[in-house]
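*Asks:* Provided herewith is a single structure, encoded as structure tokens, for subsequent inquiry.
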Amino acid sequence: MNRIKALNMSKKKEKILIWIGAELVHYFLAHGLQKKYDADYYAIIDITNKPKQFFLEQNFVDFKKIWFYHDEINNSNGMKPDVEFLRQFEDSQNIDLWNLALNERIFYRFFDYHKFSDDEIMKIEENSIKFFQRVLDEVKPDYFLTKQPSFHHLELFRIMCENYNCKVIMMSFPKIAYRMLISKNVTELDYTNKLNEYSITKKSFKELRDYLNQHSSFVQLDNYYKNNKKRIGSQFSALTNFLFSENLNIKSNYNYYGRTKYKVISSLVKDKKKRKMREKFMEKNLLKKINLNHSFIYFPMSTDLERHLLIDSPYHTNQIEVIRNVAKSIPINYTLYVKENPSNITRDWRDISQYEELLDIPNVRVLHPEFSNSDLLKNCDLVISIAGSSSFEAAFYEKPSIVFGEVLYSELPSVTKVENIKDLPRNIRNSLKQKVKAEDLSRYLEILKENTFEFDMVKFSGLIAKIFYKDETTVDVEINETQINEFIQNNTMLIDILTMEHIKKIKQHEEFKNNSS
């Protein structure tokens with residue numbers, strides 16, 4: 001008995017570092033974990049100014065230490081970046097910093113409020129790296145718990161954690177609705193067997209499609225947006241709060257650089273006008289009726305600001321150029337159908353000049369976003385996407401697919417990744433001959449079932465946004481203890497699910513480590 005006690009006492013207490021963003025999911029997870037898993041907890045908090053006071057005073061989670069990301073890096077004061085430090089970091093960590101930085105939506109292409117100079121970008125990178133190194137050296141975390149990165153600085157820290165031998169435990173969406181994946185990366189599954197080692201449960205494509213119809217991520221998001229349209233009152237309230245409150249983020253958070261009240265109001269007016277003009281152009285020029293009874297290849301466009309485009313496919317972010325290359329590479333008897341993404345409505349659609357450029361490409365037909373995705377999947381011969389869900393769903397309709405970026409479903413034999421653009425014509429011709437097998441897809445779904453858990457994160461995140469952030473119209477709001485306590489009490493069951501799944505993942509890592517040693 002004394003020997004067992006001595007062994008338990010000698011076991012080093014684990015250190016868990018958690019990234020907490022404005023969506024608050026990982027804050028509630030930290031609260032649940034601390035009650036059920038004995039460890040030392042630390043947090044990096046990536047939020048705006050107004051919620052900070054709550055985290056400074058909160059007592060729901062006993063963090064050993066917390067850092068506010070933007071406070072830690074916002075100390076440039078016009079100083080020049082240390083380029084030699086950045087060069088040495090790149091060499092030692094095998095990280096291409098400009099790859100991450102140029103695909104950061106705030107730094108380039110999508111942010112109209114402030115034009116970042118090269119020095120500004122490099123100084124932000126330098127400050128971020130030095131801060132991250134300091135945290136990793138001080139804490140020496142065993143585990144890093146995070147959401148899937150959509151901004152470059154979190155992706156940078158995720159890679160650094162792996163290089164520091166800290167296990168990354170990340171929640172992400174596995175292309176199957178109402179389920180969540182926990183893994184070290186959104187494009188990988190942890191500790192899986194080979195595809196042919198899994199059993200077959202659904203033997204026909206009809207059974208597989210029935211499953212897809214019940215677990216379609218497109219349907220999940222569409223239902224959520226239909227049921228949770230932003231109310232005019234809440235938008236007006238958020239705008240009023242912004243106009244009559246002190247705008248501190250403009251100085252302390254680089255995501256808000258240049259966002260003066262005048263520029264924000266002016267941008268809102270301009271965007272509303274642009275959206276109406278773009279929708280009018282789309283109604284007139286994008287196709288709603290096409291001939292589905294001839295040979296065509298389907299290319300569903302991605303929303304430009306999506307993570308799977310900017311991070312998972314860093315060299316294929318110019319979709320028009322990718323489509324042009326696909327059009328050059330298809331067999332002479334095929335037409336390329338390109339469909340605008342319905343989710344692009346959240347970005348007020350694309351500039352009209354981009355639609356005109358697409359319409360000008362020979363043998364390319366541009367479809368209206370309302371056109372049925374399932375009809376295109378049923379009738380095409382091949383699906384080509386950057387790294388989107390349609391290339392996964394194509395398999396359910398017995399259609400092969402091609403992707404340009406890293407994808408979770410690359411295990412499927414019917415999915416081909418383009419490694420070299422010069423190989424694209426050959427990739428297309430080989431894929432057109434590829435036969436999709438129901439048993440392969442069935443086995444892959446078993447892998448997903450084994451490595452994911454049932455949870456409606458879209459609904460859970462939406463509930464947080466509604467309660468704390470005025471129906472998603474703003475994130476810079478004050479949070480109080482009463483709100484947090486009520487949310488925890490009303491959603492204990494959901495928080496417990498997230499908690500137990502993370503504990504299961506930690507134990508899986510420990511088991512693998514013990515078996516490997």
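Quick note on naming: the chains in the structure tokens go A, B, ... in the order shown, residues restart at 1 in each chain, and ligands are numbered from 1 in order of appearance.
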Which polymer residues have any atom within 9 Å of an atom of Asn253 (chain A), counting only C-alpha atoms, with same-chain residues fewer than 5 positions away left out, as a list in words?
*Replies:*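 Those residues are Ile47, Thr48, Asn49, His70, Asp71, Asn74 and Leu248 of chain A.
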*Asks:* Would you mind writing down, as a count of residues only, each residue of region 35-238 of chain A that DSSP on the backbone assigns to alpha helix (DSSP H)?
*Replies:* 92
*Asks:* Measuring atom to atom with only C-alpha atoms, identify which of A:Asn163, A:Ser150, A:Ser128, A:Gln93 is nearest to Asp312 (chain A).
*Replies:*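 That would be A:Ser150, the residue with the smallest distance to Asp312 (chain A).
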*Asks:* Report as an mmCIF file with C-alpha atoms, in the first residue's frame: the residues of region 56-179 of chain A with a DSSP assignment of strand (DSSP E or B), based on the backbone of this structure.
*Replies:*
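This is the output file part.cif:
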data_model
loop_
_atom_site.group_PDB
_atom_site.id
_atom_site.type_symbol
_atom_site.label_atom_id
_atom_site.label_comp_id
_atom_site.auth_asym_id
_atom_site.auth_seq_id
_atom_site.Cartn_x
_atom_site.Cartn_y
_atom_site.Cartn_z
ATOM 1 C CA LYS A 65 -1.353 31.856 -14.638
ATOM 2 C CA ILE A 66 -3.079 33.611 -17.538
ATOM 3 C CA TRP A 67 -1.777 35.782 -20.368
ATOM 4 C CA PHE A 68 -3.713 38.092 -22.666
ATOM 5 C CA TYR A 143 -0.914 19.322 -23.304
ATOM 6 C CA PHE A 144 -2.197 22.263 -25.301
ATOM 7 C CA LEU A 145 -5.990 22.406 -25.685
ATOM 8 C CA THR A 146 -7.363 24.563 -28.460
ATOM 9 C CA LYS A 147 -9.975 25.127 -31.154
ATOM 10 C CA LYS A 167 0.735 17.278 -27.246
ATOM 11 C CA VAL A 168 -1.845 19.324 -29.126
ATOM 12 C CA ILE A 169 -5.480 18.445 -28.392
ATOM 13 C CA MET A 170 -7.669 20.261 -30.863
ATOM 14 C CA MET A 171 -11.406 20.248 -31.444
ATOM 15 C CA SER A 172 -12.567 20.517 -35.059
ATOM 16 C CA ARG A 179 -20.115 15.291 -34.481
#
*Asks:* Hey, which of A:Glu321, A:Asp82, A:Asp190, A:Asp62 ends up closest to Ala30 (chain A)? Count only C-alpha atoms.
*Replies:*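 Closest to Ala30 (chain A) of all the choices is A:Asp62.
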*Asks:* With only C-alpha atoms as the atoms that count, which of A:Phe296, A:Phe281, A:Phe371, A:Phe60 lies nearest to Asn333 (chain A)?
*Replies:* A:Phe296
*Asks:* Using only C-alpha atoms, pick whichever of A:His308, A:Arg105, A:Lys50, A:Lys251 has the shortest atom-to-atom distance to Phe151 (chain A).
*Replies:*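 When distances to Phe151 (chain A) are compared using only C-alpha atoms, the smallest one comes from A:Arg105.
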*Asks:* Ranking A:Phe111, A:Ile297, A:Gly405, A:Phe132 by minimum distance to Lys417 (chain A) and counting only C-alpha atoms, which one comes first?
*Replies:* A:Gly405
*Asks:* Applying 10 Å and only C-alpha atoms, which residues near region 180-185 of chain A remain after dropping the ones on its own chain fewer than 2 positions away? List them as an MDAnalysis selection string.
*Replies:* chainID A and resid 144:149 155 158:159 162 167:178 187:191 408 448:457 498 501:502 504:505
*Asks:* So how many Å separate CA of Phe218 (chain A) and CA of Ser374 (chain A), to one decimal?
*Replies:*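 Computing it gives 10.5 Å between the two atoms.
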*Asks:* Can you list, as a list of chain:residue names, every protein, DNA or RNA residue that comes within 12 Å of Asp360 (chain A) when you count only C-alpha atoms, leaving out same-chain residues fewer than 6 positions away?
*Replies:* A:Asn285, A:Ile320, A:Ile323, A:Arg324, A:Ala327, A:Ser353, A:Gln354, A:Val366
*Asks:* Keeping only N, CA and C atoms, write the selected residues to a file as a PDB file, in the first residue's frame.
*Replies:*
ATOM      1  N   ASN A 285     -26.656  37.051 -64.334  1.00  0.00           N
ATOM      2  CA  ASN A 285     -25.594  36.395 -65.083  1.00  0.00           C
ATOM      3  C   ASN A 285     -25.232  34.975 -64.645  1.00  0.00           C
ATOM      4  N   ILE A 320      -9.763  31.817 -58.617  1.00  0.00           N
ATOM      5  CA  ILE A 320      -9.970  32.048 -60.051  1.00  0.00           C
ATOM      6  C   ILE A 320      -8.817  31.447 -60.849  1.00  0.00           C
ATOM      7  N   ILE A 323      -9.233  27.693 -60.865  1.00  0.00           N
ATOM      8  CA  ILE A 323     -10.286  27.309 -61.817  1.00  0.00           C
ATOM      9  C   ILE A 323      -9.770  27.421 -63.253  1.00  0.00           C
ATOM     10  N   ARG A 324      -8.994  28.458 -63.515  1.00  0.00           N
ATOM     11  CA  ARG A 324      -8.413  28.616 -64.856  1.00  0.00           C
ATOM     12  C   ARG A 324      -7.498  27.429 -65.177  1.00  0.00           C
ATOM     13  N   ALA A 327      -9.653  24.414 -65.894  1.00  0.00           N
ATOM     14  CA  ALA A 327     -10.258  24.529 -67.225  1.00  0.00           C
ATOM     15  C   ALA A 327      -9.254  24.174 -68.318  1.00  0.00           C
ATOM     16  N   SER A 353     -16.205  42.121 -60.517  1.00  0.00           N
ATOM     17  CA  SER A 353     -15.096  41.877 -61.448  1.00  0.00           C
ATOM     18  C   SER A 353     -14.616  40.426 -61.390  1.00  0.00           C
ATOM     19  N   GLN A 354     -14.722  39.794 -60.214  1.00  0.00           N
ATOM     20  CA  GLN A 354     -14.316  38.382 -60.090  1.00  0.00           C
ATOM     21  C   GLN A 354     -15.293  37.470 -60.821  1.00  0.00           C
ATOM     22  N   VAL A 366     -20.706  29.348 -64.881  1.00  0.00           N
ATOM     23  CA  VAL A 366     -20.764  29.777 -63.481  1.00  0.00           C
ATOM     24  C   VAL A 366     -22.205  29.704 -62.995  1.00  0.00           C
TER      25      VAL A 366
END
*Asks:* Pick out the closest residue to Lys466 (chain A) from this set: A:Glu23, A:Thr260, A:Ile330, A:Ile345. Count only C-alpha atoms.
*Replies:*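 When distances to Lys466 (chain A) are compared using only C-alpha atoms, the smallest one comes from A:Glu23.
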*Asks:* Which polymer residues have any atom within 12 Å of an atom of Glu138 (chain A), counting only C-alpha atoms, with same-chain residues fewer than 6 positions away left out, as a PyMOL selection string?
*Replies:* chain A and resi 15+17+42+64-65+131-132
*Asks:* Any chance you could export the current selection's C-alpha atoms as a compact mmCIF listing (two decimals), in the first residue's frame?
*Replies:*
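So the final result, stored in selection_1.txt, reads:
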# COMPACT_ATOMS: atom_id res chain seq x y z
CA LYS A 15 0.40 20.93 -16.93
CA LEU A 17 -2.31 25.03 -21.35
CA TYR A 42 -2.78 27.78 -17.57
CA LYS A 64 -1.99 29.02 -12.23
CA LYS A 65 -1.35 31.86 -14.64
CA PHE A 131 5.83 35.56 -26.20
CA PHE A 132 5.03 31.98 -27.21
*Asks:* Report, in Å with one decimal, the straight-line distance from CA of Gly78 (chain A) to CA of Lys52 (chain A).
*Replies:*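 About the pair CA of Gly78 (chain A) and CA of Lys52 (chain A): they are 25.3 Å apart.
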*Asks:* Report as a VMD selection string all protein, DNA and RNA residues lying within 8 Å of Asn341 (chain A), evaluated on only C-alpha atoms, omitting residues in the same chain fewer than 3 positions from it.
*Replies:* chain A and resid 300 to 303 344 369
*Asks:* For the selection just defined, write its residues with all heavy atoms to a file, as a short mmCIF file (atom, residue, chain, number, x, y, z; two decimals), in the first residue's frame.
*Replies:*
data_model
loop_
_atom_site.label_atom_id
_atom_site.label_comp_id
_atom_site.auth_asym_id
_atom_site.auth_seq_id
_atom_site.Cartn_x
_atom_site.Cartn_y
_atom_site.Cartn_z
N PRO A 300 -16.98 23.30 -56.80
CA PRO A 300 -17.65 24.17 -55.83
C PRO A 300 -16.64 25.14 -55.22
O PRO A 300 -15.60 24.73 -54.71
CB PRO A 300 -18.17 23.18 -54.79
CG PRO A 300 -17.22 22.02 -54.86
CD PRO A 300 -16.67 21.97 -56.26
N MET A 301 -16.94 26.42 -55.28
CA MET A 301 -16.01 27.42 -54.74
C MET A 301 -16.08 27.45 -53.21
O MET A 301 -17.11 27.12 -52.62
CB MET A 301 -16.32 28.81 -55.29
CG MET A 301 -16.14 28.92 -56.79
SD MET A 301 -16.29 30.61 -57.42
CE MET A 301 -14.69 31.29 -56.94
N SER A 302 -15.00 27.87 -52.60
CA SER A 302 -14.94 28.06 -51.15
C SER A 302 -15.15 29.53 -50.81
O SER A 302 -14.93 30.41 -51.66
CB SER A 302 -13.58 27.61 -50.60
OG SER A 302 -13.35 26.26 -50.86
N THR A 303 -15.55 29.79 -49.58
CA THR A 303 -15.55 31.16 -49.09
C THR A 303 -14.11 31.56 -48.86
O THR A 303 -13.35 30.84 -48.22
CB THR A 303 -16.35 31.27 -47.78
OG1 THR A 303 -17.69 30.81 -48.02
CG2 THR A 303 -16.39 32.70 -47.28
N ASN A 344 -21.02 32.44 -48.92
CA ASN A 344 -20.34 33.69 -49.24
C ASN A 344 -21.24 34.90 -49.02
O ASN A 344 -20.78 36.04 -49.10
CB ASN A 344 -19.83 33.66 -50.68
CG ASN A 344 -18.44 34.26 -50.79
OD1 ASN A 344 -17.68 34.31 -49.82
ND2 ASN A 344 -18.10 34.75 -51.96
N PRO A 369 -25.50 30.48 -56.57
CA PRO A 369 -25.36 29.73 -55.31
C PRO A 369 -26.59 28.95 -54.89
O PRO A 369 -26.49 28.01 -54.10
CB PRO A 369 -25.02 30.82 -54.28
CG PRO A 369 -25.41 32.11 -54.92
CD PRO A 369 -25.22 31.90 -56.39
#
*Asks:* Got a sec: who's within 8 Å of Phe392 (chain A), counting only C-alpha atoms, leaving out chain neighbours fewer than 6 positions off, as a tab-separated table (two decimals) with N, CA, C and O atoms, in the first residue's frame?
*Replies:*
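Saved file result22.tsv follows:
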chain	number	residue	atom	x	y	z
A	175	LYS	N	-16.33	17.10	-41.07
A	175	LYS	CA	-17.09	17.00	-42.32
A	175	LYS	C	-18.37	16.17	-42.17
A	175	LYS	O	-19.07	15.93	-43.15
A	401	SER	N	-12.95	12.38	-56.61
A	401	SER	CA	-12.71	13.81	-56.39
A	401	SER	C	-11.22	14.11	-56.38
A	401	SER	O	-10.39	13.23	-56.17
A	409	TYR	N	-10.16	13.62	-45.11
A	409	TYR	CA	-10.69	12.43	-45.78
A	409	TYR	C	-9.76	11.89	-46.88
A	409	TYR	O	-10.19	11.13	-47.76
A	415	VAL	N	-10.11	9.83	-53.50
A	415	VAL	CA	-9.69	11.23	-53.37
A	415	VAL	C	-8.22	11.34	-53.79
A	415	VAL	O	-7.36	10.66	-53.26
*Asks:* Could you jot down the CA of Ser217 (chain A) to CA of Ala387 (chain A) separation for me, Å, one decimal place?
*Replies:*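 Going from CA of Ser217 (chain A) over to CA of Ala387 (chain A), I get 14.5 Å.
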